[in-house]
Amino acid sequence: MIIDNFNRVHNYLRISLTNNCNFQCLYCNPEEKISEISNKKIMTKKEIFEISSFFVKMGVKKIRLTGGEPFLRKDFKEIISSLKKLNVEIGITTNGFFIDKYVDFLIENNIKIINLSLDTLDEKKFFSITKRNFLKKILKNIRILAKKNFYFKVNVVVMKGINENEIFDFIKWAENLPIKLRFIEYMPFKGNKWTWNDVFSYKDILNKISEKYDFEKIEDEKNDTSKNFFISKNKVKFAVISSISNSFCETCNRIRISSDGQLQNCLFSRQTFDLLGSYRSKKNIIPIILKAFNEKHKERGGLTEFINFEKKLQTETGRKMTNIGG
Ligand code: SAM
Ligand code: SF4
């Protein structure tokens, strides 16, 4: 098992399949330049399967595929088909663009854990956030998932002055959908020009919602990064992911691998471990995995004072969200 020095068991693997994306979200991938990683450095489907099987032998029970946009991988179906042999739960985080194309495949393969990102319900704003005019298509794809009986999560990154005024619209919109809304605090990553002033915090989000709705705290799932709530009046479930104002590190069970096979023991860690390089040179990767988690910090990759993060996290190389996968 992968246990760190704080007795946290790591059994949830998140793999970024590609750092390419068909959207250019301002908080994630704002620069035009997309892939900085040559194809040769990206894990092949066989490598994804073989590296994942080491993790499964070490206790991993769930694998989430993310990116960039994971459906952009031409061999996406083959990756899923091979990972299914590992008998683990498989989830996907997506911007929703390719859902219509893949929904039947997802059903056939019993892939039910979908997290879909959508930050606005307004067309103009959708363009200003993503640089794409795809809102109608994404909403249509969400209806397809609902019609096909998926229960899924919708991730909303809340940014002050950009979309915090849509929180009520999202709650209204969610009334007739089989979804859980997850409001996420905006985080700093390389290139996204984050400042403290852009953060609409956990507290701000709850205060805002309480202006219009009564809600109650409901139980969080084990190892959940979000705090969960329920509005009984309209039966809407929502959650807040408060990575900035209120960390959830003590229950962390996450392992992250970038598309070029770099292992990261924390979303905020600046240290990576070259799993793919070692794997390609036929070294045993198990000691590398154990070392990575032996060195895991108690909180947020060792950055305990968030107040000083602003410059640090923005400027460091390799800290693009599309590489890490969220
Ligand atoms: N393309 C897919 C998508 O958008 O869902 C998967 C990759 S994306 C990097 C994974 C998640 O990270 C998304 O829910 C996205 O909203 C979130 N994310 C990206 N940048 C973020 C930031 N700066 N702060 C908070 N969440 C962020
Ligand atoms: Fe692409 Fe997802 Fe990042 Fe948006 S959040 S740019 S869709 S990877």
# chains A, B, ... in the order shown; residues from 1 in each chain; ligands from 1

call {"tool": "residues_around", "arguments": {"residues": "A:Thr18", "least_positions_apart": "6", "cutoff": "7 Å", "atoms": "only C-alpha atoms", "output": "mmCIF file with N, CA and C atoms, in the first residue's frame"}}
result
data_model
loop_
_atom_site.group_PDB
_atom_site.id
_atom_site.type_symbol
_atom_site.label_atom_id
_atom_site.label_comp_id
_atom_site.auth_asym_id
_atom_site.auth_seq_id
_atom_site.Cartn_x
_atom_site.Cartn_y
_atom_site.Cartn_z
ATOM 1 N N GLY A 67 -6.943 15.770 -17.934
ATOM 2 C CA GLY A 67 -6.024 16.351 -18.905
ATOM 3 C C GLY A 67 -5.732 17.791 -18.523
ATOM 4 N N GLY A 68 -5.592 18.561 -19.510
ATOM 5 C CA GLY A 68 -6.083 18.742 -20.866
ATOM 6 C C GLY A 68 -7.465 18.104 -21.007
ATOM 7 N N GLU A 69 -7.857 17.905 -22.239
ATOM 8 C CA GLU A 69 -9.166 17.272 -22.460
ATOM 9 C C GLU A 69 -8.940 15.793 -22.790
ATOM 10 N N PRO A 70 -9.309 14.897 -21.875
ATOM 11 C CA PRO A 70 -8.959 13.481 -22.051
ATOM 12 C C PRO A 70 -9.535 12.852 -23.320
ATOM 13 N N ARG A 73 -7.562 12.346 -26.747
ATOM 14 C CA ARG A 73 -6.657 11.227 -27.071
ATOM 15 C C ARG A 73 -7.327 10.351 -28.118
ATOM 16 N N SER A 259 0.723 13.663 -18.231
ATOM 17 C CA SER A 259 0.694 12.898 -19.486
ATOM 18 C C SER A 259 2.089 12.428 -19.894
#

call {"tool": "closest_atom_pairs", "arguments": {"of": "chain A", "to": "ligand 1", "cutoff": "8 Å", "atoms": "only C-alpha atoms and all ligand atoms", "output": "JSON lines"}}
result
{"residue": "A:Ser16", "atom": "CA", "partner": "ligand 1", "partner_atom_place_in_ligand_line": "7 (C)", "distance": 7.8}
{"residue": "A:Cys21", "atom": "CA", "partner": "ligand 1", "partner_atom_place_in_ligand_line": "1 (N)", "distance": 6.5}
{"residue": "A:Phe23", "atom": "CA", "partner": "ligand 1", "partner_atom_place_in_ligand_line": "1 (N)", "distance": 7.7}
{"residue": "A:Cys25", "atom": "CA", "partner": "ligand 1", "partner_atom_place_in_ligand_line": "20 (N)", "distance": 7.7}
{"residue": "A:Tyr27", "atom": "CA", "partner": "ligand 1", "partner_atom_place_in_ligand_line": "23 (N)", "distance": 4.5}
{"residue": "A:Cys28", "atom": "CA", "partner": "ligand 1", "partner_atom_place_in_ligand_line": "20 (N)", "distance": 4.0}
{"residue": "A:Asn29", "atom": "CA", "partner": "ligand 1", "partner_atom_place_in_ligand_line": "20 (N)", "distance": 7.6}
{"residue": "A:Thr66", "atom": "CA", "partner": "ligand 1", "partner_atom_place_in_ligand_line": "6 (C)", "distance": 4.7}
{"residue": "A:Gly67", "atom": "CA", "partner": "ligand 1", "partner_atom_place_in_ligand_line": "7 (C)", "distance": 4.3}
{"residue": "A:Gly68", "atom": "CA", "partner": "ligand 1", "partner_atom_place_in_ligand_line": "1 (N)", "distance": 4.7}
{"residue": "A:Glu69", "atom": "CA", "partner": "ligand 1", "partner_atom_place_in_ligand_line": "1 (N)", "distance": 3.9}
{"residue": "A:Pro70", "atom": "CA", "partner": "ligand 1", "partner_atom_place_in_ligand_line": "6 (C)", "distance": 6.7}
{"residue": "A:Ile92", "atom": "CA", "partner": "ligand 1", "partner_atom_place_in_ligand_line": "6 (C)", "distance": 7.9}
{"residue": "A:Thr93", "atom": "CA", "partner": "ligand 1", "partner_atom_place_in_ligand_line": "5 (O)", "distance": 4.6}
{"residue": "A:Thr94", "atom": "CA", "partner": "ligand 1", "partner_atom_place_in_ligand_line": "5 (O)", "distance": 3.7}
{"residue": "A:Asn95", "atom": "CA", "partner": "ligand 1", "partner_atom_place_in_ligand_line": "4 (O)", "distance": 4.1}
{"residue": "A:Gly96", "atom": "CA", "partner": "ligand 1", "partner_atom_place_in_ligand_line": "5 (O)", "distance": 7.5}
{"residue": "A:Asn115", "atom": "CA", "partner": "ligand 1", "partner_atom_place_in_ligand_line": "5 (O)", "distance": 6.6}
{"residue": "A:Leu116", "atom": "CA", "partner": "ligand 1", "partner_atom_place_in_ligand_line": "5 (O)", "distance": 5.3}
{"residue": "A:Ser117", "atom": "CA", "partner": "ligand 1", "partner_atom_place_in_ligand_line": "5 (O)", "distance": 4.5}
{"residue": "A:Leu118", "atom": "CA", "partner": "ligand 1", "partner_atom_place_in_ligand_line": "16 (O)", "distance": 7.3}
{"residue": "A:Asp119", "atom": "CA", "partner": "ligand 1", "partner_atom_place_in_ligand_line": "16 (O)", "distance": 7.6}
{"residue": "A:Val154", "atom": "CA", "partner": "ligand 1", "partner_atom_place_in_ligand_line": "14 (O)", "distance": 8.0}
{"residue": "A:Asn155", "atom": "CA", "partner": "ligand 1", "partner_atom_place_in_ligand_line": "14 (O)", "distance": 5.0}
{"residue": "A:Val156", "atom": "CA", "partner": "ligand 1", "partner_atom_place_in_ligand_line": "16 (O)", "distance": 6.2}
{"residue": "A:Val157", "atom": "CA", "partner": "ligand 1", "partner_atom_place_in_ligand_line": "16 (O)", "distance": 5.5}
{"residue": "A:Ile184", "atom": "CA", "partner": "ligand 1", "partner_atom_place_in_ligand_line": "25 (C)", "distance": 5.8}
{"residue": "A:Glu185", "atom": "CA", "partner": "ligand 1", "partner_atom_place_in_ligand_line": "25 (C)", "distance": 5.8}
{"residue": "A:Tyr186", "atom": "CA", "partner": "ligand 1", "partner_atom_place_in_ligand_line": "24 (N)", "distance": 3.9}
{"residue": "A:Met187", "atom": "CA", "partner": "ligand 1", "partner_atom_place_in_ligand_line": "24 (N)", "distance": 3.7}
{"residue": "A:Pro188", "atom": "CA", "partner": "ligand 1", "partner_atom_place_in_ligand_line": "23 (N)", "distance": 5.3}
{"residue": "A:Phe189", "atom": "CA", "partner": "ligand 1", "partner_atom_place_in_ligand_line": "23 (N)", "distance": 5.8}
{"residue": "A:Asn192", "atom": "CA", "partner": "ligand 1", "partner_atom_place_in_ligand_line": "23 (N)", "distance": 6.8}
{"residue": "A:Trp194", "atom": "CA", "partner": "ligand 1", "partner_atom_place_in_ligand_line": "23 (N)", "distance": 7.6}
{"residue": "A:Met321", "atom": "CA", "partner": "ligand 1", "partner_atom_place_in_ligand_line": "9 (C)", "distance": 5.1}
{"residue": "A:Thr322", "atom": "CA", "partner": "ligand 1", "partner_atom_place_in_ligand_line": "9 (C)", "distance": 4.9}
{"residue": "A:Asn323", "atom": "CA", "partner": "ligand 1", "partner_atom_place_in_ligand_line": "9 (C)", "distance": 7.8}
{"residue": "A:Ile324", "atom": "CA", "partner": "ligand 1", "partner_atom_place_in_ligand_line": "9 (C)", "distance": 7.1}
{"residue": "A:Gly325", "atom": "CA", "partner": "ligand 1", "partner_atom_place_in_ligand_line": "9 (C)", "distance": 4.4}
{"residue": "A:Gly326", "atom": "CA", "partner": "ligand 1", "partner_atom_place_in_ligand_line": "12 (O)", "distance": 4.0}

call {"tool": "write_last_selection", "arguments": {"atoms": "C-alpha atoms", "output": "compact mmCIF listing (two decimals), in the first residue's frame"}}
result
# COMPACT_ATOMS: atom_id res chain seq x y z
CA SER A 16 -3.61 13.32 -17.27
CA CYS A 21 -7.13 21.01 -24.88
CA PHE A 23 -10.68 25.06 -24.84
CA CYS A 25 -10.02 28.54 -20.14
CA TYR A 27 -7.96 30.13 -15.29
CA CYS A 28 -6.23 27.06 -16.72
CA ASN A 29 -4.83 27.30 -20.22
CA THR A 66 -8.20 13.93 -16.95
CA GLY A 67 -6.02 16.35 -18.90
CA GLY A 68 -6.08 18.74 -20.87
CA GLU A 69 -9.17 17.27 -22.46
CA PRO A 70 -8.96 13.48 -22.05
CA ILE A 92 -13.43 11.03 -16.27
CA THR A 93 -13.09 14.79 -15.89
CA THR A 94 -14.09 16.59 -19.07
CA ASN A 95 -15.16 19.91 -20.51
CA GLY A 96 -18.11 18.01 -22.01
CA ASN A 115 -17.13 15.35 -13.65
CA LEU A 116 -17.98 18.02 -16.17
CA SER A 117 -16.64 21.58 -16.06
CA LEU A 118 -18.91 24.52 -16.81
CA ASP A 119 -18.29 27.99 -15.41
CA VAL A 154 -20.62 19.89 -12.58
CA ASN A 155 -17.47 21.81 -11.62
CA VAL A 156 -17.76 25.60 -11.52
CA VAL A 157 -14.59 27.60 -10.84
CA ILE A 184 -14.38 25.48 -6.76
CA GLU A 185 -12.16 28.20 -5.36
CA TYR A 186 -9.96 29.66 -8.06
CA MET A 187 -6.38 28.44 -7.67
CA PRO A 188 -3.06 29.86 -8.85
CA PHE A 189 -1.21 28.00 -11.60
CA ASN A 192 -3.23 32.12 -15.15
CA TRP A 194 -4.17 34.58 -10.36
CA MET A 321 -2.99 22.81 -14.72
CA THR A 322 -3.24 21.02 -18.07
CA ASN A 323 -0.10 19.04 -17.15
CA ILE A 324 -1.33 18.16 -13.68
CA GLY A 325 -4.95 17.49 -14.61
CA GLY A 326 -6.73 19.02 -11.62

call {"tool": "select_by_dssp", "arguments": {"residues": "stretch 33-82 of chain A", "states": "alpha helix (DSSP H)", "output": "list in words"}}
result
Lys45, Lys46, Glu47, Ile48, Phe49, Glu50, Ile51, Ser52, Ser53, Phe54, Phe55, Val56, Lys57, Phe76, Lys77, Glu78, Ile79, Ile80, Ser81 and Ser82 of chain A

call {"tool": "residues_around", "arguments": {"residues": "A:Tyr102", "least_positions_apart": "2", "cutoff": "12 Å", "atoms": "only C-alpha atoms", "output": "PyMOL selection string"}}
result
chain A and resi 70-72+76-77+80+92+94+96-100+104-109+111+141+144-145

call {"tool": "write_last_selection", "arguments": {"atoms": "N, CA, C and O atoms", "output": "JSON list (two decimals), in the first residue's frame"}}
result
[["chain", "number", "residue", "atom", "x", "y", "z"],
["A", 70, "PRO", "N", -9.31, 14.90, -21.88],
["A", 70, "PRO", "CA", -8.96, 13.48, -22.05],
["A", 70, "PRO", "C", -9.53, 12.85, -23.32],
["A", 70, "PRO", "O", -8.91, 11.98, -23.93],
["A", 71, "PHE", "N", -10.72, 13.34, -23.75],
["A", 71, "PHE", "CA", -11.32, 12.74, -24.96],
["A", 71, "PHE", "C", -10.54, 13.10, -26.23],
["A", 71, "PHE", "O", -10.83, 12.57, -27.29],
["A", 72, "LEU", "N", -9.60, 14.02, -26.12],
["A", 72, "LEU", "CA", -8.80, 14.36, -27.32],
["A", 72, "LEU", "C", -7.81, 13.25, -27.68],
["A", 72, "LEU", "O", -7.29, 13.23, -28.79],
["A", 76, "PHE", "N", -8.41, 6.97, -26.95],
["A", 76, "PHE", "CA", -9.16, 7.03, -25.69],
["A", 76, "PHE", "C", -9.90, 5.71, -25.41],
["A", 76, "PHE", "O", -9.83, 5.15, -24.31],
["A", 77, "LYS", "N", -10.59, 5.20, -26.44],
["A", 77, "LYS", "CA", -11.38, 3.97, -26.22],
["A", 77, "LYS", "C", -10.48, 2.81, -25.84],
["A", 77, "LYS", "O", -10.81, 2.01, -24.96],
["A", 80, "ILE", "N", -9.38, 3.05, -22.23],
["A", 80, "ILE", "CA", -10.44, 2.60, -21.31],
["A", 80, "ILE", "C", -10.54, 1.08, -21.33],
["A", 80, "ILE", "O", -10.59, 0.43, -20.28],
["A", 92, "ILE", "N", -13.96, 10.12, -15.24],
["A", 92, "ILE", "CA", -13.43, 11.03, -16.27],
["A", 92, "ILE", "C", -13.77, 12.46, -15.87],
["A", 92, "ILE", "O", -14.89, 12.72, -15.42],
["A", 94, "THR", "N", -14.02, 16.11, -17.69],
["A", 94, "THR", "CA", -14.09, 16.59, -19.07],
["A", 94, "THR", "C", -14.75, 17.96, -19.17],
["A", 94, "THR", "O", -15.54, 18.32, -18.30],
["A", 96, "GLY", "N", -16.78, 18.39, -21.52],
["A", 96, "GLY", "CA", -18.11, 18.01, -22.01],
["A", 96, "GLY", "C", -18.28, 18.06, -23.51],
["A", 96, "GLY", "O", -19.30, 17.61, -24.05],
["A", 97, "PHE", "N", -17.28, 18.55, -24.23],
["A", 97, "PHE", "CA", -17.45, 18.77, -25.67],
["A", 97, "PHE", "C", -17.73, 17.46, -26.44],
["A", 97, "PHE", "O", -18.50, 17.44, -27.38],
["A", 98, "PHE", "N", -17.08, 16.39, -26.05],
["A", 98, "PHE", "CA", -17.17, 15.15, -26.84],
["A", 98, "PHE", "C", -18.18, 14.14, -26.28],
["A", 98, "PHE", "O", -18.20, 13.00, -26.71],
["A", 99, "ILE", "N", -18.99, 14.58, -25.31],
["A", 99, "ILE", "CA", -19.91, 13.62, -24.67],
["A", 99, "ILE", "C", -20.84, 12.95, -25.68],
["A", 99, "ILE", "O", -21.03, 11.72, -25.64],
["A", 100, "ASP", "N", -21.41, 13.73, -26.61],
["A", 100, "ASP", "CA", -22.34, 13.12, -27.58],
["A", 100, "ASP", "C", -21.66, 11.99, -28.36],
["A", 100, "ASP", "O", -22.25, 10.95, -28.62],
["A", 104, "ASP", "N", -22.41, 6.57, -25.68],
["A", 104, "ASP", "CA", -22.77, 5.14, -25.77],
["A", 104, "ASP", "C", -21.60, 4.27, -25.34],
["A", 104, "ASP", "O", -21.78, 3.26, -24.65],
["A", 105, "PHE", "N", -20.42, 4.69, -25.73],
["A", 105, "PHE", "CA", -19.22, 3.94, -25.31],
["A", 105, "PHE", "C", -19.09, 3.94, -23.78],
["A", 105, "PHE", "O", -18.79, 2.91, -23.17],
["A", 106, "LEU", "N", -19.38, 5.08, -23.18],
["A", 106, "LEU", "CA", -19.29, 5.17, -21.71],
["A", 106, "LEU", "C", -20.29, 4.22, -21.06],
["A", 106, "LEU", "O", -19.97, 3.51, -20.10],
["A", 107, "ILE", "N", -21.50, 4.19, -21.62],
["A", 107, "ILE", "CA", -22.53, 3.30, -21.06],
["A", 107, "ILE", "C", -22.10, 1.83, -21.23],
["A", 107, "ILE", "O", -22.12, 1.06, -20.28],
["A", 108, "GLU", "N", -21.68, 1.50, -22.45],
["A", 108, "GLU", "CA", -21.26, 0.10, -22.70],
["A", 108, "GLU", "C", -20.17, -0.34, -21.74],
["A", 108, "GLU", "O", -20.06, -1.49, -21.35],
["A", 109, "ASN", "N", -19.33, 0.62, -21.34],
["A", 109, "ASN", "CA", -18.20, 0.26, -20.49],
["A", 109, "ASN", "C", -18.42, 0.58, -19.01],
["A", 109, "ASN", "O", -17.50, 0.54, -18.21],
["A", 111, "ILE", "N", -18.92, 3.28, -17.43],
["A", 111, "ILE", "CA", -18.19, 4.43, -16.87],
["A", 111, "ILE", "C", -19.24, 5.45, -16.42],
["A", 111, "ILE", "O", -19.89, 6.08, -17.26],
["A", 141, "ASN", "N", -25.07, 18.48, -24.45],
["A", 141, "ASN", "CA", -24.40, 17.25, -23.99],
["A", 141, "ASN", "C", -24.76, 16.92, -22.54],
["A", 141, "ASN", "O", -24.87, 15.76, -22.16],
["A", 144, "ILE", "N", -27.99, 15.26, -22.67],
["A", 144, "ILE", "CA", -27.82, 13.85, -23.13],
["A", 144, "ILE", "C", -27.44, 12.98, -21.94],
["A", 144, "ILE", "O", -28.02, 11.92, -21.71],
["A", 145, "LEU", "N", -26.50, 13.44, -21.14],
["A", 145, "LEU", "CA", -26.09, 12.63, -19.97],
["A", 145, "LEU", "C", -27.27, 12.42, -19.03],
["A", 145, "LEU", "O", -27.49, 11.32, -18.52]]

call {"tool": "atom_distance", "arguments": {"atom1": "atom CA of A:Gln264", "atom2": "atom CA of A:Ser226"}}
result
20.6 Å

call {"tool": "closest_residue", "arguments": {"among": "A:Ser210, A:Ser247, A:Gln24, A:Ser281", "to": "ligand 2", "atoms": "only C-alpha atoms and all ligand atoms"}}
result
A:Gln24

call {"tool": "residues_around", "arguments": {"residues": "A:Leu135", "least_positions_apart": "2", "cutoff": "12 Å", "atoms": "only C-alpha atoms", "output": "JSON, numbers by chain"}}
result
{"A": [23, 95, 96, 97, 117, 118, 119, 120, 121, 122, 123, 124, 125, 126, 127, 128, 129, 130, 131, 132, 133, 137, 138, 139, 140, 141, 142]}

call {"tool": "select_by_dssp", "arguments": {"residues": "stretch 84-242 of chain A", "states": "strand (DSSP E or B)", "output": "ChimeraX atom specification"}}
result
/A:89-94,113-117,152-159,179-185,199,216-217,226-231,236-241

call {"tool": "atom_distance", "arguments": {"atom1": "atom CA of A:Ala292", "atom2": "atom CA of A:Leu263"}}
result
7.8 Å

call {"tool": "closest_residue", "arguments": {"among": "A:Ser81, A:Asn253, A:Phe134, A:Ile51", "to": "ligand 2", "atoms": "only C-alpha atoms and all ligand atoms"}}
result
A:Phe134

call {"tool": "closest_residue", "arguments": {"among": "A:Ile209, A:Val56, A:Cys266, A:Ile167", "to": "A:Lys84", "atoms": "only C-alpha atoms"}}
result
A:Val56

call {"tool": "residues_around", "arguments": {"residues": "A:Asp198", "least_positions_apart": "6", "cutoff": "9 Å", "atoms": "only C-alpha atoms", "output": "PyMOL selection string"}}
result
chain A and resi 158-162+186
